[in-house]
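Colleague: File follows, structure19.pdb with PDB, C-alpha atoms, pLDDT in the B column:
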MODEL        1
ATOM      1  CA  MET A   1       3.357 -19.719 -14.616  1.00 45.00           C
ATOM      2  CA  ILE A   2       3.688 -17.601 -11.451  1.00 45.00           C
ATOM      3  CA  ARG A   3       6.839 -15.522 -11.495  1.00 48.00           C
ATOM      4  CA  SER A   4       8.513 -14.710  -8.186  1.00 40.00           C
ATOM      5  CA  ALA A   5       9.712 -11.393  -9.616  1.00 41.00           C
ATOM      6  CA  VAL A   6       6.560  -9.498  -8.790  1.00 44.00           C
ATOM      7  CA  LEU A   7       3.714  -9.228  -6.286  1.00 46.00           C
ATOM      8  CA  LEU A   8       0.421  -7.455  -6.840  1.00 43.00           C
ATOM      9  CA  MET A   9      -0.196  -4.134  -5.178  1.00 43.00           C
ATOM     10  CA  ILE A  10      -3.859  -3.376  -4.663  1.00 38.00           C
ATOM     11  CA  LEU A  11      -3.578   0.332  -3.936  1.00 40.00           C
ATOM     12  CA  ALA A  12      -4.714   2.762  -6.650  1.00 41.00           C
ATOM     13  CA  PRO A  13      -5.454   0.242  -9.407  1.00 42.00           C
ATOM     14  CA  MET A  14      -7.072   2.645 -11.876  1.00 40.00           C
ATOM     15  CA  ILE A  15      -5.611   5.785 -13.374  1.00 40.00           C
ATOM     16  CA  CYS A  16      -7.012   7.952 -16.122  1.00 40.00           C
ATOM     17  CA  LEU A  17      -5.547   7.803 -19.619  1.00 39.00           C
ATOM     18  CA  ALA A  18      -4.212  11.372 -19.366  1.00 44.00           C
ATOM     19  CA  GLU A  19      -2.012  10.261 -16.458  1.00 62.00           C
ATOM     20  CA  GLN A  20      -0.977   6.930 -17.945  1.00 73.00           C
ATOM     21  CA  PRO A  21       2.561   6.042 -16.809  1.00 81.00           C
ATOM     22  CA  GLU A  22       5.201   4.186 -18.746  1.00 90.00           C
ATOM     23  CA  LEU A  23       4.378   0.483 -18.501  1.00 94.00           C
ATOM     24  CA  TYR A  24       6.645  -2.457 -17.644  1.00 96.00           C
ATOM     25  CA  VAL A  25       9.486  -0.191 -16.506  1.00 94.00           C
ATOM     26  CA  PRO A  26      10.941  -0.700 -12.990  1.00 93.00           C
ATOM     27  CA  MET A  27      10.568   2.463 -10.919  1.00 91.00           C
ATOM     28  CA  THR A  28      10.182   3.904  -7.466  1.00 88.00           C
ATOM     29  CA  ASP A  29       6.674   5.312  -7.199  1.00 87.00           C
ATOM     30  CA  SER A  30       5.348   7.717  -4.575  1.00 89.00           C
ATOM     31  CA  VAL A  31       1.734   8.638  -3.832  1.00 91.00           C
ATOM     32  CA  PRO A  32       0.825  11.473  -3.783  1.00 94.00           C
ATOM     33  CA  LYS A  33       3.215  13.398  -5.993  1.00 91.00           C
ATOM     34  CA  VAL A  34       5.338  16.246  -4.672  1.00 94.00           C
ATOM     35  CA  SER A  35       3.619  19.666  -4.364  1.00 95.00           C
ATOM     36  CA  VAL A  36       0.096  18.304  -4.954  1.00 96.00           C
ATOM     37  CA  GLU A  37      -2.476  19.400  -2.350  1.00 97.00           C
ATOM     38  CA  THR A  38      -4.022  16.265  -0.869  1.00 97.00           C
ATOM     39  CA  GLU A  39      -6.680  15.609   1.767  1.00 97.00           C
ATOM     40  CA  VAL A  40      -7.150  12.345   3.682  1.00 97.00           C
ATOM     41  CA  TYR A  41      -9.060  11.169   6.732  1.00 97.00           C
ATOM     42  CA  LEU A  42      -7.962   9.733  10.065  1.00 96.00           C
ATOM     43  CA  GLY A  43      -6.161   6.421   9.527  1.00 92.00           C
ATOM     44  CA  ASP A  44      -5.587   7.019   5.817  1.00 94.00           C
ATOM     45  CA  SER A  45      -2.161   6.879   4.210  1.00 93.00           C
ATOM     46  CA  MET A  46      -0.687  10.348   3.635  1.00 97.00           C
ATOM     47  CA  LEU A  47       2.422   9.243   1.770  1.00 96.00           C
ATOM     48  CA  MET A  48       3.437   5.886   0.360  1.00 92.00           C
ATOM     49  CA  GLN A  49       6.530   4.856  -1.557  1.00 92.00           C
ATOM     50  CA  ARG A  50       7.035   1.494  -3.264  1.00 88.00           C
ATOM     51  CA  SER A  51       9.243  -0.100  -5.953  1.00 90.00           C
ATOM     52  CA  GLY A  52       7.806  -1.975  -8.923  1.00 92.00           C
ATOM     53  CA  GLU A  53       6.180  -1.319 -12.278  1.00 94.00           C
ATOM     54  CA  TRP A  54       2.830  -0.490 -13.844  1.00 95.00           C
ATOM     55  CA  ARG A  55       1.216  -3.344 -15.782  1.00 96.00           C
ATOM     56  CA  GLU A  56      -1.892  -4.148 -17.777  1.00 97.00           C
ATOM     57  CA  CYS A  57      -4.283  -6.228 -15.674  1.00 97.00           C
ATOM     58  CA  ILE A  58      -7.812  -7.578 -15.622  1.00 97.00           C
ATOM     59  CA  THR A  59      -9.996  -8.309 -12.598  1.00 97.00           C
ATOM     60  CA  PRO A  60     -13.031 -10.628 -12.863  1.00 96.00           C
ATOM     61  CA  LYS A  61     -15.975  -9.156 -10.972  1.00 95.00           C
ATOM     62  CA  ASN A  62     -17.297 -12.587  -9.958  1.00 94.00           C
ATOM     63  CA  SER A  63     -15.690 -15.940  -9.131  1.00 94.00           C
ATOM     64  CA  HIS A  64     -15.928 -18.881 -11.535  1.00 88.00           C
ATOM     65  CA  MET A  65     -14.863 -22.529 -11.249  1.00 83.00           C
ATOM     66  CA  GLY A  66     -14.726 -25.442 -13.638  1.00 74.00           C
ATOM     67  CA  THR A  67     -12.649 -28.464 -14.678  1.00 72.00           C
ATOM     68  CA  TYR A  68      -9.734 -28.779 -17.063  1.00 66.00           C
ATOM     69  CA  SER A  69      -8.173 -32.207 -17.752  1.00 68.00           C
ATOM     70  CA  GLY A  70      -9.836 -33.576 -14.630  1.00 73.00           C
ATOM     71  CA  SER A  71      -8.662 -30.789 -12.319  1.00 77.00           C
ATOM     72  CA  ARG A  72     -10.399 -27.690 -11.000  1.00 82.00           C
ATOM     73  CA  VAL A  73      -9.685 -24.264 -12.424  1.00 86.00           C
ATOM     74  CA  THR A  74     -10.598 -21.195 -10.377  1.00 89.00           C
ATOM     75  CA  TYR A  75     -11.023 -17.555 -11.375  1.00 92.00           C
ATOM     76  CA  LYS A  76     -11.296 -15.463  -8.212  1.00 95.00           C
ATOM     77  CA  GLY A  77     -13.614 -12.495  -8.277  1.00 95.00           C
ATOM     78  CA  GLY A  78     -11.908  -9.282  -7.228  1.00 95.00           C
ATOM     79  CA  GLU A  79      -8.393 -10.754  -7.677  1.00 94.00           C
ATOM     80  CA  PRO A  80      -6.318  -9.119 -10.431  1.00 95.00           C
ATOM     81  CA  LEU A  81      -4.552 -11.015 -13.212  1.00 96.00           C
ATOM     82  CA  CYS A  82      -1.659  -9.153 -14.862  1.00 97.00           C
ATOM     83  CA  LYS A  83       0.615  -9.457 -17.875  1.00 97.00           C
ATOM     84  CA  PHE A  84       4.342 -10.047 -17.389  1.00 96.00           C
ATOM     85  CA  ASP A  85       5.560  -7.855 -20.268  1.00 96.00           C
ATOM     86  CA  PRO A  86       4.142  -5.846 -23.208  1.00 94.00           C
ATOM     87  CA  LYS A  87       4.321  -8.851 -25.586  1.00 95.00           C
ATOM     88  CA  ASP A  88       2.478 -11.169 -23.203  1.00 96.00           C
ATOM     89  CA  LYS A  89      -0.797 -12.495 -24.662  1.00 94.00           C
ATOM     90  CA  PHE A  90      -1.984 -13.837 -21.315  1.00 96.00           C
ATOM     91  CA  TYR A  91      -2.835 -12.611 -17.825  1.00 97.00           C
ATOM     92  CA  HIS A  92      -1.402 -14.369 -14.779  1.00 95.00           C
ATOM     93  CA  PRO A  93      -2.905 -14.838 -11.291  1.00 93.00           C
ATOM     94  CA  SER A  94      -0.997 -14.246  -8.071  1.00 89.00           C
ATOM     95  CA  TYR A  95      -2.686 -17.379  -6.645  1.00 90.00           C
ATOM     96  CA  ILE A  96      -2.678 -21.059  -7.630  1.00 89.00           C
ATOM     97  CA  ASN A  97      -5.673 -21.439  -9.936  1.00 90.00           C
ATOM     98  CA  TYR A  98      -5.231 -25.105 -10.943  1.00 84.00           C
ATOM     99  CA  THR A  99      -5.434 -28.026  -8.486  1.00 79.00           C
ATOM    100  CA  PHE A 100      -3.336 -30.442 -10.578  1.00 71.00           C
ATOM    101  CA  ALA A 101       0.014 -28.807  -9.781  1.00 65.00           C
ATOM    102  CA  ALA A 102       1.692 -26.205  -7.581  1.00 67.00           C
ATOM    103  CA  ASP A 103       1.640 -23.648 -10.347  1.00 78.00           C
ATOM    104  CA  SER A 104      -0.944 -21.643 -12.242  1.00 87.00           C
ATOM    105  CA  LEU A 105      -2.342 -21.606 -15.735  1.00 91.00           C
ATOM    106  CA  PRO A 106      -2.186 -18.360 -17.723  1.00 94.00           C
ATOM    107  CA  ILE A 107      -5.538 -16.785 -18.589  1.00 95.00           C
ATOM    108  CA  ARG A 108      -6.812 -15.488 -21.913  1.00 95.00           C
ATOM    109  CA  TRP A 109      -9.465 -12.757 -21.947  1.00 96.00           C
ATOM    110  CA  LYS A 110     -11.325 -12.476 -25.251  1.00 94.00           C
ATOM    111  CA  LYS A 111     -13.827  -9.634 -25.547  1.00 93.00           C
ATOM    112  CA  ASN A 112     -16.823 -10.118 -27.803  1.00 93.00           C
ATOM    113  CA  ARG A 113     -19.849  -8.160 -26.572  1.00 92.00           C
ATOM    114  CA  ASN A 114     -22.050 -10.598 -24.615  1.00 94.00           C
ATOM    115  CA  LYS A 115     -20.020 -13.594 -25.790  1.00 94.00           C
ATOM    116  CA  SER A 116     -16.744 -12.726 -24.084  1.00 94.00           C
ATOM    117  CA  GLU A 117     -14.592 -15.537 -22.648  1.00 93.00           C
ATOM    118  CA  LEU A 118     -12.147 -16.213 -19.832  1.00 92.00           C
ATOM    119  CA  CYS A 119     -10.039 -19.277 -20.645  1.00 91.00           C
ATOM    120  CA  ALA A 120      -7.299 -21.193 -18.836  1.00 90.00           C
ATOM    121  CA  CYS A 121      -4.474 -22.084 -21.248  1.00 89.00           C
ATOM    122  CA  TYR A 122      -1.842 -24.831 -21.396  1.00 82.00           C
ATOM    123  CA  ASN A 123      -0.799 -26.198 -24.788  1.00 81.00           C
ATOM    124  CA  GLY A 124      -3.925 -24.477 -26.026  1.00 83.00           C
ATOM    125  CA  CYS A 125      -6.784 -22.938 -24.107  1.00 85.00           C
ATOM    126  CA  GLY A 126      -9.036 -25.335 -22.240  1.00 76.00           C
ATOM    127  CA  TRP A 127     -11.862 -24.657 -19.780  1.00 80.00           C
ATOM    128  CA  CYS A 128     -13.530 -21.349 -20.517  1.00 86.00           C
ATOM    129  CA  VAL A 129     -16.193 -19.210 -18.908  1.00 88.00           C
ATOM    130  CA  LYS A 130     -18.276 -18.299 -21.936  1.00 89.00           C
ATOM    131  CA  LYS A 131     -21.016 -15.842 -22.844  1.00 91.00           C
ATOM    132  CA  LEU A 132     -19.779 -13.182 -20.445  1.00 93.00           C
ATOM    133  CA  PRO A 133     -20.564  -9.490 -20.991  1.00 95.00           C
ATOM    134  CA  GLU A 134     -17.530  -7.310 -21.638  1.00 94.00           C
ATOM    135  CA  ASP A 135     -18.027  -5.548 -18.296  1.00 95.00           C
ATOM    136  CA  ALA A 136     -17.719  -8.861 -16.396  1.00 95.00           C
ATOM    137  CA  VAL A 137     -14.015  -8.061 -16.247  1.00 95.00           C
ATOM    138  CA  ALA A 138     -12.417  -4.749 -15.279  1.00 96.00           C
ATOM    139  CA  GLU A 139      -9.469  -3.830 -17.499  1.00 96.00           C
ATOM    140  CA  GLU A 140      -7.058  -1.601 -15.624  1.00 93.00           C
ATOM    141  CA  LEU A 141      -3.514  -0.540 -14.921  1.00 94.00           C
ATOM    142  CA  ARG A 142      -2.077  -1.694 -11.591  1.00 93.00           C
ATOM    143  CA  PHE A 143       1.180  -1.070  -9.810  1.00 90.00           C
ATOM    144  CA  VAL A 144       2.978  -4.383  -9.218  1.00 89.00           C
ATOM    145  CA  ILE A 145       5.461  -4.339  -6.348  1.00 86.00           C
ATOM    146  CA  THR A 146       8.892  -5.935  -6.721  1.00 86.00           C
ATOM    147  CA  PRO A 147       9.485  -8.536  -3.988  1.00 80.00           C
ATOM    148  CA  HIS A 148      12.347  -8.156  -1.505  1.00 80.00           C
ATOM    149  CA  THR A 149      11.749  -4.406  -1.511  1.00 84.00           C
ATOM    150  CA  PHE A 150      10.014  -2.319   1.137  1.00 82.00           C
ATOM    151  CA  LYS A 151       6.857  -0.240   1.097  1.00 87.00           C
ATOM    152  CA  GLN A 152       7.100   2.863   3.265  1.00 92.00           C
ATOM    153  CA  ALA A 153       4.033   4.800   4.403  1.00 93.00           C
ATOM    154  CA  ILE A 154       2.952   7.606   6.712  1.00 96.00           C
ATOM    155  CA  GLU A 155      -0.630   7.800   7.960  1.00 96.00           C
ATOM    156  CA  TYR A 156      -2.494  10.413   9.965  1.00 97.00           C
ATOM    157  CA  SER A 157      -3.328   9.222  13.491  1.00 96.00           C
ATOM    158  CA  GLY A 158      -5.102  12.201  15.066  1.00 95.00           C
ATOM    159  CA  LYS A 159      -4.906  15.605  16.781  1.00 96.00           C
ATOM    160  CA  SER A 160      -4.832  16.525  20.463  1.00 96.00           C
ATOM    161  CA  GLY A 161      -4.665  20.257  21.021  1.00 96.00           C
ATOM    162  CA  GLU A 162      -1.700  21.478  18.972  1.00 97.00           C
ATOM    163  CA  ILE A 163      -0.093  18.025  18.757  1.00 97.00           C
ATOM    164  CA  LEU A 164      -0.539  15.972  15.565  1.00 97.00           C
ATOM    165  CA  THR A 165       0.265  12.262  15.664  1.00 97.00           C
ATOM    166  CA  PHE A 166       1.414  10.208  12.673  1.00 97.00           C
ATOM    167  CA  VAL A 167       2.363   6.555  12.175  1.00 96.00           C
ATOM    168  CA  TYR A 168       5.284   5.504  10.006  1.00 95.00           C
ATOM    169  CA  SER A 169       5.180   1.921   8.640  1.00 92.00           C
ATOM    170  CA  GLU A 170       7.668  -0.123   6.695  1.00 89.00           C
ATOM    171  CA  PHE A 171       6.695  -3.504   5.255  1.00 80.00           C
ATOM    172  CA  ALA A 172       8.346  -6.031   2.972  1.00 76.00           C
ATOM    173  CA  ALA A 173       6.640  -6.480  -0.389  1.00 66.00           C
ATOM    174  CA  GLY A 174       3.494  -8.574  -0.027  1.00 60.00           C
ATOM    175  CA  GLN A 175       3.561  -8.362   3.765  1.00 59.00           C
ATOM    176  CA  GLU A 176       0.398  -7.112   5.489  1.00 54.00           C
ATOM    177  CA  SER A 177       1.602  -7.285   9.097  1.00 53.00           C
ATOM    178  CA  GLY A 178       4.691  -7.790  11.186  1.00 52.00           C
ATOM    179  CA  GLY A 179       6.565  -4.849   9.717  1.00 68.00           C
ATOM    180  CA  ASP A 180       8.122  -1.899  11.494  1.00 82.00           C
ATOM    181  CA  SER A 181       5.646   0.744  12.764  1.00 89.00           C
ATOM    182  CA  ARG A 182       6.270   3.716  15.037  1.00 94.00           C
ATOM    183  CA  GLU A 183       4.578   6.969  16.017  1.00 96.00           C
ATOM    184  CA  PHE A 184       5.938  10.487  15.699  1.00 97.00           C
ATOM    185  CA  THR A 185       4.410  13.894  16.367  1.00 97.00           C
ATOM    186  CA  LEU A 186       4.307  17.509  15.221  1.00 98.00           C
ATOM    187  CA  ASP A 187       3.676  20.458  17.550  1.00 98.00           C
ATOM    188  CA  LEU A 188       1.778  23.033  15.475  1.00 97.00           C
ATOM    189  CA  SER A 189       2.806  25.773  17.881  1.00 97.00           C
ATOM    190  CA  GLU A 190       6.344  25.321  16.577  1.00 96.00           C
ATOM    191  CA  GLY A 191       5.509  25.106  12.866  1.00 97.00           C
ATOM    192  CA  ASN A 192       3.464  23.304  10.233  1.00 98.00           C
ATOM    193  CA  VAL A 193       6.171  21.212   8.562  1.00 98.00           C
ATOM    194  CA  VAL A 194       6.925  17.666   9.669  1.00 97.00           C
ATOM    195  CA  ALA A 195       9.975  15.629   8.609  1.00 96.00           C
ATOM    196  CA  TYR A 196      10.518  11.895   9.069  1.00 95.00           C
ATOM    197  CA  LYS A 197      12.714   9.307   7.353  1.00 93.00           C
ATOM    198  CA  GLY A 198      13.717  11.884   4.742  1.00 94.00           C
ATOM    199  CA  ALA A 199      10.121  12.790   3.880  1.00 96.00           C
ATOM    200  CA  ILE A 200       8.997  16.398   4.419  1.00 97.00           C
ATOM    201  CA  ILE A 201       5.280  17.272   4.580  1.00 98.00           C
ATOM    202  CA  GLU A 202       3.676  20.717   4.890  1.00 98.00           C
ATOM    203  CA  ILE A 203       0.398  20.716   6.839  1.00 98.00           C
ATOM    204  CA  LEU A 204      -2.165  23.121   5.344  1.00 98.00           C
ATOM    205  CA  GLU A 205      -5.354  22.430   7.337  1.00 97.00           C
ATOM    206  CA  VAL A 206      -6.146  19.851   9.988  1.00 97.00           C
ATOM    207  CA  THR A 207      -8.904  18.620  12.287  1.00 96.00           C
ATOM    208  CA  ASN A 208      -9.014  15.455  14.379  1.00 93.00           C
ATOM    209  CA  MET A 209     -10.760  13.651  11.498  1.00 96.00           C
ATOM    210  CA  GLN A 210      -8.996  14.941   8.374  1.00 97.00           C
ATOM    211  CA  ILE A 211      -5.839  16.629   7.176  1.00 98.00           C
ATOM    212  CA  LYS A 212      -4.893  18.672   4.109  1.00 98.00           C
ATOM    213  CA  TYR A 213      -1.209  18.777   3.179  1.00 98.00           C
ATOM    214  CA  LYS A 214       1.486  18.884   0.490  1.00 97.00           C
ATOM    215  CA  VAL A 215       4.468  16.560   0.195  1.00 97.00           C
ATOM    216  CA  ILE A 216       7.611  18.669  -0.174  1.00 96.00           C
ATOM    217  CA  ARG A 217      10.017  15.743  -0.406  1.00 95.00           C
ATOM    218  CA  ASN A 218       9.539  11.976  -0.596  1.00 93.00           C
ATOM    219  CA  PHE A 219      11.259   9.398   1.615  1.00 91.00           C
ATOM    220  CA  SER A 220      14.265   9.452  -0.690  1.00 72.00           C
ATOM    221  CA  SER A 221      16.179  12.678  -1.259  1.00 46.00           C
ATOM    222  CA  ASP A 222      14.660  12.950  -4.754  1.00 45.00           C
ATOM    223  CA  SER A 223      11.975  15.636  -5.021  1.00 39.00           C
TER     224      SER A 223
ENDMDL
END
Can the structure in the file be given as structure tokens, please?
Modeller:
Amino acid sequence: MIRSAVLLMILAPMICLAEQPELYVPMTDSVPKVSVETEVYLGDSMLMQRSGEWRECITPKNSHMGTYSGSRVTYKGGEPLCKFDPKDKFYHPSYINYTFAADSLPIRWKKNRNKSELCACYNGCGWCVKKLPEDAVAEELRFVITPHTFKQAIEYSGKSGEILTFVYSEFAAGQESGGDSREFTLDLSEGNVVAYKGAIIEILEVTNMQIKYKVIRNFSSDS
């Protein structure tokens, strides 16, 4: 079943084990972390804040289709499937994967060397993609955004003389366009710290194509 409580966030799907966060716990997450030197290129996000939780997910590398009880089942390549909670035995798509109804079937991923399986399940597991190698599916941790919340972001827009231009964006969860975007600037002749919407960023090095910086404070007042 698709739950309306969460929407998938594609940014930064993989993290190393040493940095593994607490899973299935609602939180406000900011990227990058405070006081970490970071370098991005023109048009890249410098700071992003979102509300949600980290979850265990899988992403098939290729698309597969088949039939189950006379209807078509689809596994979309490159589209993540995530668990709802730590006791969940199945992964769930953010898209309708079954043509019989306006809902989705949960997916079971069973690893077994070159005989691994992806199966759609309803009162038992039905149509399966069989004899898959274990690396046919990427197992990863993804940040899942809570709907009816907002993602805030600042991106670097360029340099003209001593003037740096940035774009602030605010979008509802799952929204790719139509949000609130506006430009703001920093005059380097007056200092190298920019503040906007509560966020404070120290500029360390900058060219028209890239910028190195540290976040001093996130959008909220929490540091």
Colleague: Expanded to explicit residues, what is the PyMOL selection byres ((chain A and resi 109) around 8) for this file, as a list of chain:residue names?
Modeller: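 On the file shown, the PyMOL selection byres ((chain A and resi 109) around 8) covers A:Phe90, A:Tyr91, A:Ile107, A:Arg108, A:Lys110, A:Lys111, A:Ser116, A:Glu117, A:Leu118, A:Cys119.
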Colleague: Of the candidates A:Pro133, A:Ile96, A:Trp54, A:Arg217, which shows the shortest atom-to-atom distance to Asn112 (chain A), using all atoms listed in the file?
Modeller: A:Pro133
Colleague: Report, in Å with one decimal, the straight-line distance from CA of Lys130 (chain A) to CA of Phe143 (chain A).
Modeller: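 So the two atoms, CA of Lys130 (chain A) and CA of Phe143 (chain A), lie 28.7 Å apart.
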Colleague: Can you translate the PyMOL selection byres ((chain A and resi 181-192) around 6) into the concrete residues it hits in this file, as an mmCIF file with C-alpha atoms, in the coordinates of the input?
Modeller:
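Result file is selection.cif:
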data_model
loop_
_atom_site.group_PDB
_atom_site.id
_atom_site.type_symbol
_atom_site.label_atom_id
_atom_site.label_comp_id
_atom_site.auth_asym_id
_atom_site.auth_seq_id
_atom_site.Cartn_x
_atom_site.Cartn_y
_atom_site.Cartn_z
ATOM 1 C CA GLU A 162 -1.700 21.478 18.972
ATOM 2 C CA ILE A 163 -0.093 18.025 18.757
ATOM 3 C CA LEU A 164 -0.539 15.972 15.565
ATOM 4 C CA THR A 165 0.265 12.262 15.664
ATOM 5 C CA PHE A 166 1.414 10.208 12.673
ATOM 6 C CA VAL A 167 2.363 6.555 12.175
ATOM 7 C CA TYR A 168 5.284 5.504 10.006
ATOM 8 C CA SER A 169 5.180 1.921 8.640
ATOM 9 C CA ASP A 180 8.122 -1.899 11.494
ATOM 10 C CA VAL A 193 6.171 21.212 8.562
ATOM 11 C CA GLU A 202 3.676 20.717 4.890
ATOM 12 C CA ILE A 203 0.398 20.716 6.839
#
Colleague: Would you work out the distance separating CA of Leu204 (chain A) from CA of Glu39 (chain A), expressed in Å to one decimal?
Modeller: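 Value for the CA of Leu204 (chain A)-CA of Glu39 (chain A) distance: 9.5 Å.
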Colleague: May I have the residues at most 7 Å from (-2.0, -12.1, -11.9) in the file's coordinates, counting all atoms listed in the file, as a ChimeraX atom specification?
Modeller: /A:80-82,91-94
Colleague: One decimal, Å: what's the distance from CA of Lys214 (chain A) over to CA of Ser35 (chain A), could you say?
Modeller: 5.4 Å
Colleague: I'd like to know which of A:Gly77, A:Gly124, A:Gly70, A:Pro86 is closest to Phe100 (chain A), using all atoms listed in the file.
Modeller: A:Gly70
Colleague: Would you compute, for all listed atoms of region 205-221 of chain A, the axis-aligned bounding box grown by 6 Å on each side, and then report its centre and edge lengths in Å rounded to one decimal, as lines of an AutoDock Vina configuration file?
Modeller:
center_x = 2.7
center_y = 15.9
center_z = 6.6
size_x = 38.9
size_y = 25.0
size_z = 27.6
Colleague: Given the file shown, enumerate the residues that the PyMOL selection byres ((chain A and resi 153) around 7) captures and present them as a PDB file with C-alpha atoms, in the coordinates of the input.
Modeller:
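Result file follows (result_29.pdb):
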ATOM      1  CA  SER A  45      -2.161   6.879   4.210  1.00 93.00           C
ATOM      2  CA  LEU A  47       2.422   9.243   1.770  1.00 96.00           C
ATOM      3  CA  MET A  48       3.437   5.886   0.360  1.00 92.00           C
ATOM      4  CA  GLN A  49       6.530   4.856  -1.557  1.00 92.00           C
ATOM      5  CA  LYS A 151       6.857  -0.240   1.097  1.00 87.00           C
ATOM      6  CA  GLN A 152       7.100   2.863   3.265  1.00 92.00           C
ATOM      7  CA  ILE A 154       2.952   7.606   6.712  1.00 96.00           C
ATOM      8  CA  GLU A 155      -0.630   7.800   7.960  1.00 96.00           C
ATOM      9  CA  TYR A 168       5.284   5.504  10.006  1.00 95.00           C
ATOM     10  CA  SER A 169       5.180   1.921   8.640  1.00 92.00           C
ATOM     11  CA  GLU A 170       7.668  -0.123   6.695  1.00 89.00           C
TER      12      GLU A 170
END
Colleague: Write out as a PDB file with C-alpha atoms, in the coordinates of the input each polymer residue whose atoms come within 7 Å of Thr67 (chain A), counting only C-alpha atoms; drop sequence neighbours fewer than 5 positions from it.
Modeller:
ATOM      1  CA  ARG A  72     -10.399 -27.690 -11.000  1.00 82.00           C
ATOM      2  CA  VAL A  73      -9.685 -24.264 -12.424  1.00 86.00           C
ATOM      3  CA  TRP A 127     -11.862 -24.657 -19.780  1.00 80.00           C
TER       4      TRP A 127
END
Colleague: Measuring between all atoms listed in the file, which one of A:Lys87, A:Cys121, A:Met46, A:Val137 shows the shortest distance to Asn62 (chain A)?
Modeller: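 Answer, going by the shortest atom-to-atom distance: A:Val137.
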Colleague: As a CSV table (one decimal) with C-alpha atoms, in the coordinates of the input, please: the residues near Asp85 (chain A) (cut-off 8 Å, all atoms listed in the file, same-chain neighbours under 3 positions excluded).
Modeller:
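Result went into around35.csv, see below:
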chain,number,residue,atom,x,y,z
A,24,TYR,CA,6.6,-2.5,-17.6
A,55,ARG,CA,1.2,-3.3,-15.8
A,88,ASP,CA,2.5,-11.2,-23.2
Colleague: Here is a test: counting only C-alpha atoms, which residue of A:Ser51, A:Tyr95, A:Pro106, A:Lys115 is nearest to Phe171 (chain A)?
Modeller: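 Smallest distance to Phe171 (chain A) is found for A:Ser51.
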Colleague: With only C-alpha atoms as the atoms that count, which of A:Val194, A:Val215, A:Ile200, A:Met209 lies nearest to Leu42 (chain A)?
Modeller: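 Once distances to Leu42 (chain A) are computed over only C-alpha atoms, the minimum belongs to A:Met209.
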Colleague: From the list A:Phe219, A:Cys128, A:Gly43, A:Asn123, which residue is nearest Ser157 (chain A) when using only C-alpha atoms?
Modeller: A:Gly43
